[in-house]
Amino acid sequence: MKNSKIVVKELNSALAKIKGLEILVGQITEDWEEPPGPTPFPTLTSLREWDWKLLKKYQPFYSPLCDRCCLCGYGKCDLAKGRKGACGIDIRTQQGRHILLECVVGASAHTTHAKHLVDYLVKKLGRSHPIDLGSEIDIEAPLTRLITGVKPKTLGDLEGVLDYIGDQITQLLSSVLTGQEQNYLDFESKALHAGMLDNLALEVADIAQISGLGYPKGDAETPYVEIGLGVLDRNKPVIIFVGHNAAPGVETVEYLARSGLSDKVEVGGVCCSAHDLTRFNRGVKIVGNLSRQQLIARTGMADVLVLDQECIRVDIVEEAFKAGTRVIATIDQVCGGLPNRTEDPVDAVVEDLASGRNMGVLILDPSKAAEVAVRTAVKIAPLRRRELKPLAALAEASRCTGCGLCRRVCVPDLPVDEAVLAAAKGNLTKLSEVYDLCVGCGRCDSVCPRKIPVLTLIGEAGMEKIRKSKYKIRAGRGPILDTEIRNVGRPIVMGEIPGVVAFAGCSNYPRGHIEVAQMAEEFARRRYIVVTSGCAAMDIARYKDEEGRTLYEKYPGSFDAGGIVNTGSCVSNAHILGAAVKIANIFARRKLRANFEEIADYILNRIGAVAIVWGTQNQKAEAIATGATRLGIPVILGPKGVAHRRAYLGRPDVDEKWMPYNVRSGEKEYTGPAPEHLWYVAETKEEALVLAARLVMRPNDTLKGRSIKLRNYLDLYRKLYGTLPEDLHLFVRTESDLPVLEKDELLPVLRSQGWKPKTVPELGTTLLDRLVLRRR
Amino acid sequence: MKNSKIVVKELNSALAKIKGLEILVGQITEDWEEPPGPTPFPTLTSLREWDWKLLKKYQPFYSPLCDRCCLCGYGKCDLAKGRKGACGIDIRTQQGRHILLECVVGASAHTTHAKHLVDYLVKKLGRSHPIDLGSEIDIEAPLTRLITGVKPKTLGDLEGVLDYIGDQITQLLSSVLTGQEQNYLDFESKALHAGMLDNLALEVADIAQISGLGYPKGDAETPYVEIGLGVLDRNKPVIIFVGHNAAPGVETVEYLARSGLSDKVEVGGVCCSAHDLTRFNRGVKIVGNLSRQQLIARTGMADVLVLDQECIRVDIVEEAFKAGTRVIATIDQVCGGLPNRTEDPVDAVVEDLASGRNMGVLILDPSKAAEVAVRTAVKIAPLRRRELKPLAALAEASRCTGCGLCRRVCVPDLPVDEAVLAAAKGNLTKLSEVYDLCVGCGRCDSVCPRKIPVLTLIGEAGMEKIRKSKYKIRAGRGPILDTEIRNVGRPIVMGEIPGVVAFAGCSNYPRGHIEVAQMAEEFARRRYIVVTSGCAAMDIARYKDEEGRTLYEKYPGSFDAGGIVNTGSCVSNAHILGAAVKIANIFARRKLRANFEEIADYILNRIGAVAIVWGTQNQKAEAIATGATRLGIPVILGPKGVAHRRAYLGRPDVDEKWMPYNVRSGEKEYTGPAPEHLWYVAETKEEALVLAARLVMRPNDTLKGRSIKLRNYLDLYRKLYGTLPEDLHLFVRTESDLPVLEKDELLPVLRSQGWKPKTVPELGTTLLDRLVLRRR
Amino acid sequence: MAAPWQLAEVPGLEQALTLKPEMAAKLLRNAKRPLIVVGGNVLGAKGEDVDVVKFVHRLAELTGSPVVVSPGCFRVFRERIGDVPLTCMGLEDLVNRMRDENWQGLRGEGNHDLVVFLGGIYFFQSQLLSTLKHFASHLKTLSLDRFYQPNATFSFQTATEDRWKKDLEKILEELEAKTS
Amino acid sequence: MAAPWQLAEVPGLEQALTLKPEMAAKLLRNAKRPLIVVGGNVLGAKGEDVDVVKFVHRLAELTGSPVVVSPGCFRVFRERIGDVPLTCMGLEDLVNRMRDENWQGLRGEGNHDLVVFLGGIYFFQSQLLSTLKHFASHLKTLSLDRFYQPNATFSFQTATEDRWKKDLEKILEELEAKTS
Ligand code: SF4
Ligand code: SF4
Ligand code: SF4
Ligand code: SF4
Ligand code: SF4
Ligand code: SF4
Ligand code: SF4
Ligand code: SF4
């Protein structure tokens with residue numbers, strides 16, 4: 001526990017003496033009898049060897065976004081054609097450096113988020129408030145235990161974990177400096193470290209808020225909550241929370257309750273703040289996610305918009321003001337250029353907001369922000385119209401020259417120009433189709449040389465859809481129960497459950513959100529366990545079958561075959577990773593404490609988990625997913641994921657790459673390319689579906705498990721591609737791997753592919769030399 | 001002391017019990033009777049109002065390097081012509097975000113550096129080793145006291161300061177995330193915060209190593225040490241240290257002494273490691289700085305190259321290998337793709353290096369790295385030639401087609417192509433001229449389609465110069481003595497000393513290093529106080545007068561009129577800022593503790609300090625300089641500084657911008673544009689010299705002080721531009737401001753410029769409302 | 001330099017040479033081991049009055065080139081032109097193999113020397129072409145989409161639907177002329 | 001699009017229109033409040049057989065434009081052509097004023113509408129032109145250096161010394177023709 005710390009905060013300061021010193025040694029004098037593993041509080045190099053094993057097997061693959069580099073005062077430098085920059089870097093190393101930068105920015109955001117939450121809860125509940133995820137969860141913090149070797153018991157213990165992360169982040173960021181690290185694999189190893197730290201921060205954030213705010217503690221059947229652009233009741237004052245940090249919203253809900261206003265004010269959320277507020281109170285409504293943020297602001301559907309942190313459009317303050325909405329920023333990361341009124345009396349601030357003297361303010365105190373938000377909304381709501389006002393005269397469309405620029409900046413390359421031209425002729429169909437697929441980037445808007453507010457037109461064309469947009473989602477349940485792990489551990493490892501497929505990521509899709517729901521349903525129907533979180537979880541809710549039911553209404557919320565589990569916000573992604581860790585620990589009894597490599601090795605070799613991040617936007621997505629790969633969980637991104645410019649790709653055609661150690665003998669043994677890639681950017685849904693079915697195959701699948709996985713793989717392959725896979729022979733070890741009913745059909749195919757039966761190592765395989773039995 | 005922490009490190013961990021718990025409460029139960037000021041351990045928003053005051057007066061000025069943004073998975077986005085990115089950002093805000101990123105990367109590097117040093121020293125000397133800068137320095141840590149409100153007494157106390165910095169850096173970095181901060185001024189305010197934290201980390205690093213390693217403690221006459229590419233004695237084994245962290249070099253010097261090898265092995269340094277090693281031991285030689293790093297590697301002049309951290313060319317491992325040099329990397333930030341041999345026995349590692357089985361290794365333990373370095377060098381040195389081998393057959397030049405690409409990638413736009421063509425005809429003169437001005441970026445080399453090793457040719461043409469390159473520099477003295485501050489405080493504030501001019505920054509110059517020395521001498525001769533550090537301090541040494549004396553031999557090293565003070569490495573920049581703070585505190589008795597705004601206001605309004613950063617390379621330069629501006633010290637960059645893409649510019653022609661409060665009355669009072677800019681990128685030396693003379697003028701100059709400053713300004717202006725300044729009237733408040741002897745000549749000019757006499761506020765002016773006497 | 005279709009895509013100075021169909025045909029004729037790669041967005045192009053499936057068919061026949069079809073539209077290609085050798089492979093996987101100079105190509109006869117790209121999602125395609133541009137100097141890429149692809153070695157300029165159709169036809173004509 | 005002189009300088013799609021001397025002369029004739037800005041590297045250009053000082057002198061006379069000369073070479077200009085109105089001002093300071101739409105220009109008659117740049121250090125000049133390009137849509141910039149400046153509104157293409165010399169002379173000729 002080399003880096004553990006005892007944190008003493010908020011000492012009485014004026015005379016520099018200690019009042020009420022509270023030294024928490026929870027993580028030190030503890031009752032966790034498991035001896036610590038080899039890598040407690042890992043440094044930048046503690047897991048470097050593990051990373052290099054992964055990176056040699058899954059070589060980084062780069063797709064540079066630009067030929068140049070412009071990071072420093074020497075630049076910019078042209079790195080095309082093998083040229084080096086003025087600092088000596090080449091384009092490959094520079095890509096690695098960029099990946100590290102993305103991951104460390106992402107990790108810093110989640111860490112800051114966790115820190116703000118923990119600070120808030122410590123202030124509210126005290127440092128010794130227990131971490132408690134309910135009676136059915138003993139392993140309350142699988143990632144924290146795994147990574148740091150600490151078993152956190154109180155909020156105070158979490159502070160120590162965050163200090164460790166902050167220190168590591170500073171060190172990692174330092175490697176980004178021009179003229180430091182020399183090697184792309186070392187940059188990637190550091191990126192993996194950043195990703196792991198990111199995941200750790202997610203867990204800290206979520207277990208803190210679950211413990212402190214009474215969120216569901218792994219209940220499979222959380223209540224349904226309302227979601228959609230049309231769910232808010234405009235007859236009441238409306239407050240919408242945007243971002244990720246629940247604190248101001250929680251304070252608002254509590255203030256409303258105290259003031260007897262709960263039924264009189266409408267509280268909505270956008271992005272993860274929405275998720276987390278519904279976990280706190282099922283009456284809060286989810287309005288939308290990132291892809292609709294700008295439209296939500298433009299409609300002026302809120303009286304007051306409260307910003308916290310992360311995934312907030314950079315122009316939202318400006319847009320809100322234009323719509324007459326008052327804005328309250330609440331966190332130092334997002335000051336928004338607003339005057340800091342934290343120290344001013346509530347009355348004065350409300351007065352200034354209501355009168356419009358200030359359209360927005362910064363209040364760095366969630367409870368004060370809550371009171372100001374409510375009182376302002378109540379004051380100004382009666383003065384505005386009830387109906388959403390029409391966004392813009394569609395007449396604006398008539399100014400369109402058809403120059404096509406709007407299409408040529410559109411992220412998903414939608415035919416915006418044609419749609420605007422059609423609208424100019426009175427036909428809104430195309431524009432309404434664009435509305436469906438639009439990711440809300442707003443670039444069409446600002447590029448138009450005729451200053452046509454294109455996005456507003458799109459919103460106008462979709463107005464009927466907006467009004468009708470009402471769905472149901474199961475509120476985020478948080479962690480997976482230990483009992484669930486016990487129940488599914490065997491079927492997952494043995495293969496009766498073909499795999500765990502996680503849908504995460506941002507609402508930046510190539511062809512609309514619908515594809516995410518379709519993929520989720522495909523796997524749920526096949527009785528994979530489907531888990532989801534964040535924007536993806538919201539988008540899954542925006543899809544109804546013919547009977548008008550959403551997937552959350554059709555499939556159970558349990559972590560079991562055929563379930564669709566909404567864990568919650570982005571920070572709840574931690575539980576998805578945590579579930580894999582818990583399977584290794586609870587079901588397979590692998591030691592957990594500070595034992596990262598062994599657990600990751602176990603997951604990579606045995607647990608058929610895969611993540612599909614169909615839309616990605618900012619650096620947090622990159623960080624979370626990178627962390628997952630270090631744990632041995634492959635990630636599939638949608639096509640826009642190439643913008644992150646790196647993949648980790650295996651070479652299924654090169655046999656030497658697939659030779660882990662036989663655990664018993666220590667011999668290197670060919671296992672086939674399983675999982676084939678660690679990070680793959682798929683072009684289409686059809687590709688992703690089949691690839692996911694392939695990636696859940698692992699070297700140590702049991703015969704039965706492999707045959708069930710193969711059945712699904714073959715089935716999907718045939719369904720989507722109309723034929724049998726050319727790589728079938730790579731995944732069949734013995735005849736018993738084949739689905740029983742198809743053996744006769746498949747054996748001849750296999751032989752034509754040059755297949756020969758292989759042995760299946762009895763005790764399985766590992767990448768870790770030290771886990772070979774005879775070497776222990 | 002809200003964020004102070006008690007740090008407990010390296011607990012005995014196996015059984016999770018505390019052994020030897022050492023709780024250091026130095027910063028808490030202390031004897032500093034000064035009550036804390038308003039901003040101890042400032043957060044991201046504590047000093048925001050101060051920043052906004054500065055930023056409104058000195059508006060950020062942006063020069064985008066690229067029309068686009070490619071930071072995230074939504075991108076890239078075209079931001080030209082007012083277009084917004086997919087996250088809603090416009091190009092101005094995006095520039096602000098980039099500045100924050102640069103500053104926070106820079107700050108993280110210095111923080112990590114400080115942390116590694118403090119960890120190393122704590123391990124070596126114990127956590128309670130005292131911070132001691134000698135008997136003539138009471139204010140041991142002006143920046144730490146000013147910013148945190150803590151008076152550090154031991155190495156352990158410094159850990160608490162670093163924890164604070166790390167936490168703030170993580171929070172700042174988080175603001176860089178796509179979809180966070182909304183406003184460019186808020187980005188700049190955060191960049192200023194990052195810069196301040198950077199400066200704080202510099203101080204921590206330097207007072208730690210001064211206290212722990214016995215560096216000079218402010219001695220004006222430190223010993224002369226050798227500097228130059230020709231100083232190493234190749235008859236001995238040669239070890240060269242590259243980077244900024246002295247630890248491996250210190251261990252090496254100590255190991256040599258212990259082994260009686262001190263005279264038998266040549267120890268050299270490149271960049272700041274060199275500076276700091278000469279502060280530890282005057283026998284160490286400074287080989288060069290960043291601009292010669294690649295050439296140094298290519299000549300193979302070292303038997304063993306030891307890398308630590310920062311300012312290390314990204315291709316140095318590769319280049320060293322090609323030259324047959326063995327490489328030892330020693331810090332996690334720079335693993336260099338090398339195998340980690342930290343845990344292996346020294347014998348085995350030396351054997352592998354000597355035999356060439358490993359050309360390089362990673363050893364994360366400075367004392368082991370030292371032993372390996374020495375033993376390897378001793379083993380392999382006898383096998384190589386004594387003379388530097390010729391770098392390349394100049395015959396390679398004959399392949400040149402004159403395509404001109406080498407010139408078109410050359411950072412300072414040197415006529416490399418012509419020089420190579422001339423060399424092909426046997427004329428090396430031009431190539432040798434290129435050698436003089438070359439900043440060593442190596443881009444010519446990698447761009448050449450004929451694969452001519454252009455940089456090597458340049459080195460070859462300069463070989464005679466390399467051999468003769470031997471100069472003297474005064475070893476870095478570290479801090480300024482309190483006694484010196486007492487002596488110069490009055491003359492500086494009263495104006496008898498016209499100003500303090502600091503030369504810092506990297507060796508990336510538009511027209512050679514010589515200009516830095518020329519500027520330094522100009523000010524020293526005029527009896528300004530000249531201070532310097534880092535690469536600039538080294539470059540000043542590479543200039544001799546006709547009698548063969550360097551400026552360090554011609555001018556005294558005292559912090560006094562006409563002195564040229566080498567404080568040391570880049571981290572020693574802290575003492576330059578610290579001196580300004582100490583003047584305000586010791587001479588002017590402004591409260592120091594956690595009293596940032598008042599001290600910065602004092603410096604801005606009264607202390608004529610200016611920094612010239614003639615070459616800048618990486619993000620650390622940006623961070624250091626940004627921190628200086630928050631303290632009220634204007635910075636002038638050389639033309640390549642535009643690559644950092646931001647300036648803080650005043651508008652001397654807009655009177656309303658120059659109206660601070662009269663301290664006595666609280667009225668706003670016109671003071672003239674002093675200082676005119678806070679961050680200015682000058683195109684030429686001629687511009688920088690005159691501008692510096694202008695920027696040392698401050699609103700609260702005494703009459704005598706202003707007249708001395710004006711005399712220098714006029715004198716330089718006339719000398720360099722051949723006329724009188726058109727803005728003279730802006731800087732003359734009353735006739736008494738005019739240099740006595742020139743009054744008659746100047747008064748008519750002034751009148752023709754429309755000048756009218758103004759009052760000089762008796763108690764001076766301030767930007768801080770709360771400092772106005774009648775409001776207190 | 002032509003402007004890229006999605007406007008922000010300009011990568012630097014090294015941008016695709018734009019070329020006419022005659023020149024494209026010549027490149028194809030001279031290629032030793034050409035490969036045709038069909039992206040997952042190709043069927044979207046059909047609406048533009050060009051039957052890309054047919055075009056690919058004919059191009060494969062005339063050049064004797066193997067064809068890789070993205071999983072996003074493999075099924076349709078297989079159903080319609082299953083008589084030419086089609087491989088279903090993800091484009092990133094394929095590009096990853098191609099960047100390895102020692103990869104033996106789809107036919108095991110050596111890495112391809114000219115790779116024709118058609119029908120990828122614009123942005124996605126652009127990035128994979130960037131990979132090859134930076135890390136596979138052993139091969140050349142040719143983009144035959146309607147939209148200029150700056151990261152290719154050679155690319156059509158952005159054209160009207162009609163122009164594009166004619167250009168594709170012209171390539172086939174040229175190849176036919178020389179083959180017959 | 002022409003290639004920038006320092007190769008990495010390509011900023012994006014919005015790059016200077018290259019122009020011939022006749023066009024430059026026309027722009028100068030049509031400008032209401034032109035300004036000539038001479039950078040600190042201009043004397044380096046002398047070696048190339050063009051007397052820039054003389055050129056600036058003549059250009060100022062013909063256009064009636066005020067001239068700002070960088071402190072780096074003001075002294076020489078003042079000594080040689082002190083008879084036209086010369087202002088010594090740092091280029092960053094000047095550009096900072098110019099980007100303010102309400103600045104009244106050197107003559108207090110309103111901001112300039114066309115600013116001619118000549119002789120700045122290439123990279124430095126490029127960045128200041130970038131500032132104006134992004135933040136001063138109220139004015140146009142014209143670079144008359146021998147090296148293409150992509151961030152200007154209009155720029156000469158990179159040319160041989162001889163070509164450049166002729167082009168500068170041509171501008172003067174054109175202006176003289178119309179003035180006389
Ligand atoms: S970081 Fe390196 S490649 Fe990038 S701009 Fe700076 S010197 Fe050039
Ligand atoms: S806002 Fe929608 S339609 Fe407009 S460019 Fe973005 S994704 Fe395309
Ligand atoms: S950019 Fe504007 S004018 Fe051009 S096609 Fe789109 S809507 Fe029409
Ligand atoms: S890396 Fe990005 S910002 Fe830099 S030059 Fe390329 S596109 Fe522009
Ligand atoms: S950060 Fe914003 S402007 Fe930059 S690439 Fe991402 S969406 Fe575009
Ligand atoms: S790049 Fe090479 S070939 Fe071209 S001019 Fe320079 S040295 Fe000669
Ligand atoms: S190494 Fe020297 S000559 Fe070569 S491009 Fe860089 S600065 Fe110019
Ligand atoms: S001055 Fe600059 S280049 Fe030199 S050592 Fe310091 S930071 Fe590095």
# chains A, B, ... in the order shown; residues from 1 in each chain; ligands from 1
$ closest_atom_pairs --of "chain A" --to "ligand 2" --cutoff "7 Å" --atoms "only C-alpha atoms and all ligand atoms" --output "CSV"
residue,atom,partner,partner_atom_place_in_ligand_line,distance
A:Cys406,CA,ligand 2,5 (S),6.2
A:Arg407,CA,ligand 2,5 (S),6.6
A:Val409,CA,ligand 2,5 (S),5.8
A:Cys410,CA,ligand 2,5 (S),3.4
A:Val411,CA,ligand 2,7 (S),5.2
A:Pro412,CA,ligand 2,7 (S),5.8
A:Asp413,CA,ligand 2,8 (Fe),6.5
A:Leu414,CA,ligand 2,8 (Fe),5.7
A:Val416,CA,ligand 2,3 (S),5.8
A:Val434,CA,ligand 2,3 (S),6.1
A:Cys438,CA,ligand 2,2 (Fe),3.7
A:Val439,CA,ligand 2,7 (S),4.2
A:Gly440,CA,ligand 2,1 (S),3.9
A:Cys441,CA,ligand 2,6 (Fe),3.8
A:Gly442,CA,ligand 2,1 (S),3.7
A:Arg443,CA,ligand 2,5 (S),4.6
A:Cys444,CA,ligand 2,5 (S),4.1
A:Asp445,CA,ligand 2,4 (Fe),6.4
A:Val454,CA,ligand 2,4 (Fe),6.7
A:Leu455,CA,ligand 2,1 (S),5.4
$ interface_residues --of "chain C" --to "chain A" --cutoff "10 Å" --atoms "only C-alpha atoms" --output "NGL selection string"
:C and (4-15 or 39-41 or 70-79 or 87-97 or 99 or 103 or 120-137 or 151)
$ residues_around --residues "Val565 in chain A" --least-positions-apart "3" --cutoff "8 Å" --atoms "only C-alpha atoms" --output "list in words"
Ala220, Arg477, Ile529, Val530, Val531, Thr532, Pro556, Gly557, Ser558 and Phe559 of chain A
$ residues_around --residues "Met359 in chain B" --least-positions-apart "6" --cutoff "7 Å" --atoms "only C-alpha atoms" --output "NGL selection string"
:B and (321 or 326-327 or 353)
$ closest_atom_pairs --of "chain A" --to "ligand 1" --cutoff "7 Å" --atoms "only C-alpha atoms and all ligand atoms" --output "CSV"
residue,atom,partner,partner_atom_place_in_ligand_line,distance
A:Cys69,CA,ligand 1,4 (Fe),4.2
A:Cys70,CA,ligand 1,5 (S),3.9
A:Leu71,CA,ligand 1,5 (S),4.5
A:Cys72,CA,ligand 1,6 (Fe),3.9
A:Gly73,CA,ligand 1,6 (Fe),6.1
A:Tyr74,CA,ligand 1,7 (S),4.6
A:Gly75,CA,ligand 1,5 (S),3.4
A:Lys76,CA,ligand 1,5 (S),4.3
A:Cys77,CA,ligand 1,8 (Fe),4.4
A:Lys84,CA,ligand 1,3 (S),6.9
A:Gly85,CA,ligand 1,3 (S),3.7
A:Ala86,CA,ligand 1,7 (S),4.0
A:Cys87,CA,ligand 1,7 (S),4.1
A:Gly88,CA,ligand 1,2 (Fe),6.5
A:Ile89,CA,ligand 1,3 (S),5.7
A:Thr178,CA,ligand 1,1 (S),4.8
$ residues_around --residues "Leu106 in chain C" --least-positions-apart "2" --cutoff "12 Å" --atoms "only C-alpha atoms" --output "list of chain:residue names"
A:Asp653, C:Arg33, C:Pro34, C:Leu35, C:Ile36, C:Val37, C:Ser65, C:Pro66, C:Val67, C:Val68, C:Pro85, C:Leu86, C:Thr87, C:Cys88, C:Met89, C:Leu94, C:Val95, C:Arg97, C:Met98, C:Trp103, C:Gln104, C:Gly108, C:Glu109, C:Gly110, C:Asn111, C:His112, C:Asp113, C:Val115
$ closest_residue --among "B:Lys389, B:Lys451, B:Lys544, B:Arg83" --to "ligand 3" --atoms "only C-alpha atoms and all ligand atoms"
B:Arg83
$ residues_near_ligand --ligand "ligand 8" --cutoff "9 Å" --atoms "only C-alpha atoms and all ligand atoms" --output "number ranges by chain"
A: 179; B: 243-244, 270-273, 275, 289-291, 310-312, 504-508, 533-538, 569-571, 615-621
$ residues_around --residues "Pro237 in chain A" --least-positions-apart "3" --cutoff "8 Å" --atoms "only C-alpha atoms" --output "PyMOL selection string"
chain A and resi 234+264-266+302-303+377-378+380-382
$ select_by_dssp --residues "range 30-160 of chain C" --states "strand (DSSP E or B)" --output "NGL selection string"
:C and (34-38 or 67-69 or 86-88 or 114-118 or 140-143 or 154-155)
$ residues_around --residues "range 159-167 of chain C" --least-positions-apart "3" --cutoff "8 Å" --atoms "only C-alpha atoms" --output "VMD selection string"
chain C and resid 20 to 21 48 to 50 146 to 147 156 170 to 171
$ atom_distance --atom1 "CA of Arg751 in chain B" --atom2 "CA of Pro673 in chain B"
18.5 Å
$ closest_residue --among "A:Val204, A:Val287, A:Leu172, A:Leu551" --to "Pro152 in chain A" --atoms "only C-alpha atoms"
A:Val204
$ select_by_dssp --residues "range 47-166 of chain C" --states "alpha helix (DSSP H)" --output "number ranges by chain"
C: 52-63, 74-81, 91-98, 122-135, 161-166
$ closest_residue --among "C:Ala3, C:Leu144, C:Leu28, C:Val38" --to "chain D" --atoms "only C-alpha atoms"
C:Ala3
$ residues_near_ligand --ligand "ligand 3" --cutoff "6 Å" --atoms "only C-alpha atoms and all ligand atoms" --output "PyMOL selection string"
chain A and resi 400-406+417+420+448-450+452+454
$ atom_distance --atom1 "CA of Ser398 in chain B" --atom2 "atom 3 (S, counted along the ligand's line) of ligand 7"
17.4 Å
$ atom_distance --atom1 "CA of Ala422 in chain B" --atom2 "CA of Ser446 in chain B"
20.1 Å
$ closest_residue --among "B:Thr39, B:Gln333, B:Thr154, B:Asn235" --to "chain A" --atoms "only C-alpha atoms"
B:Gln333
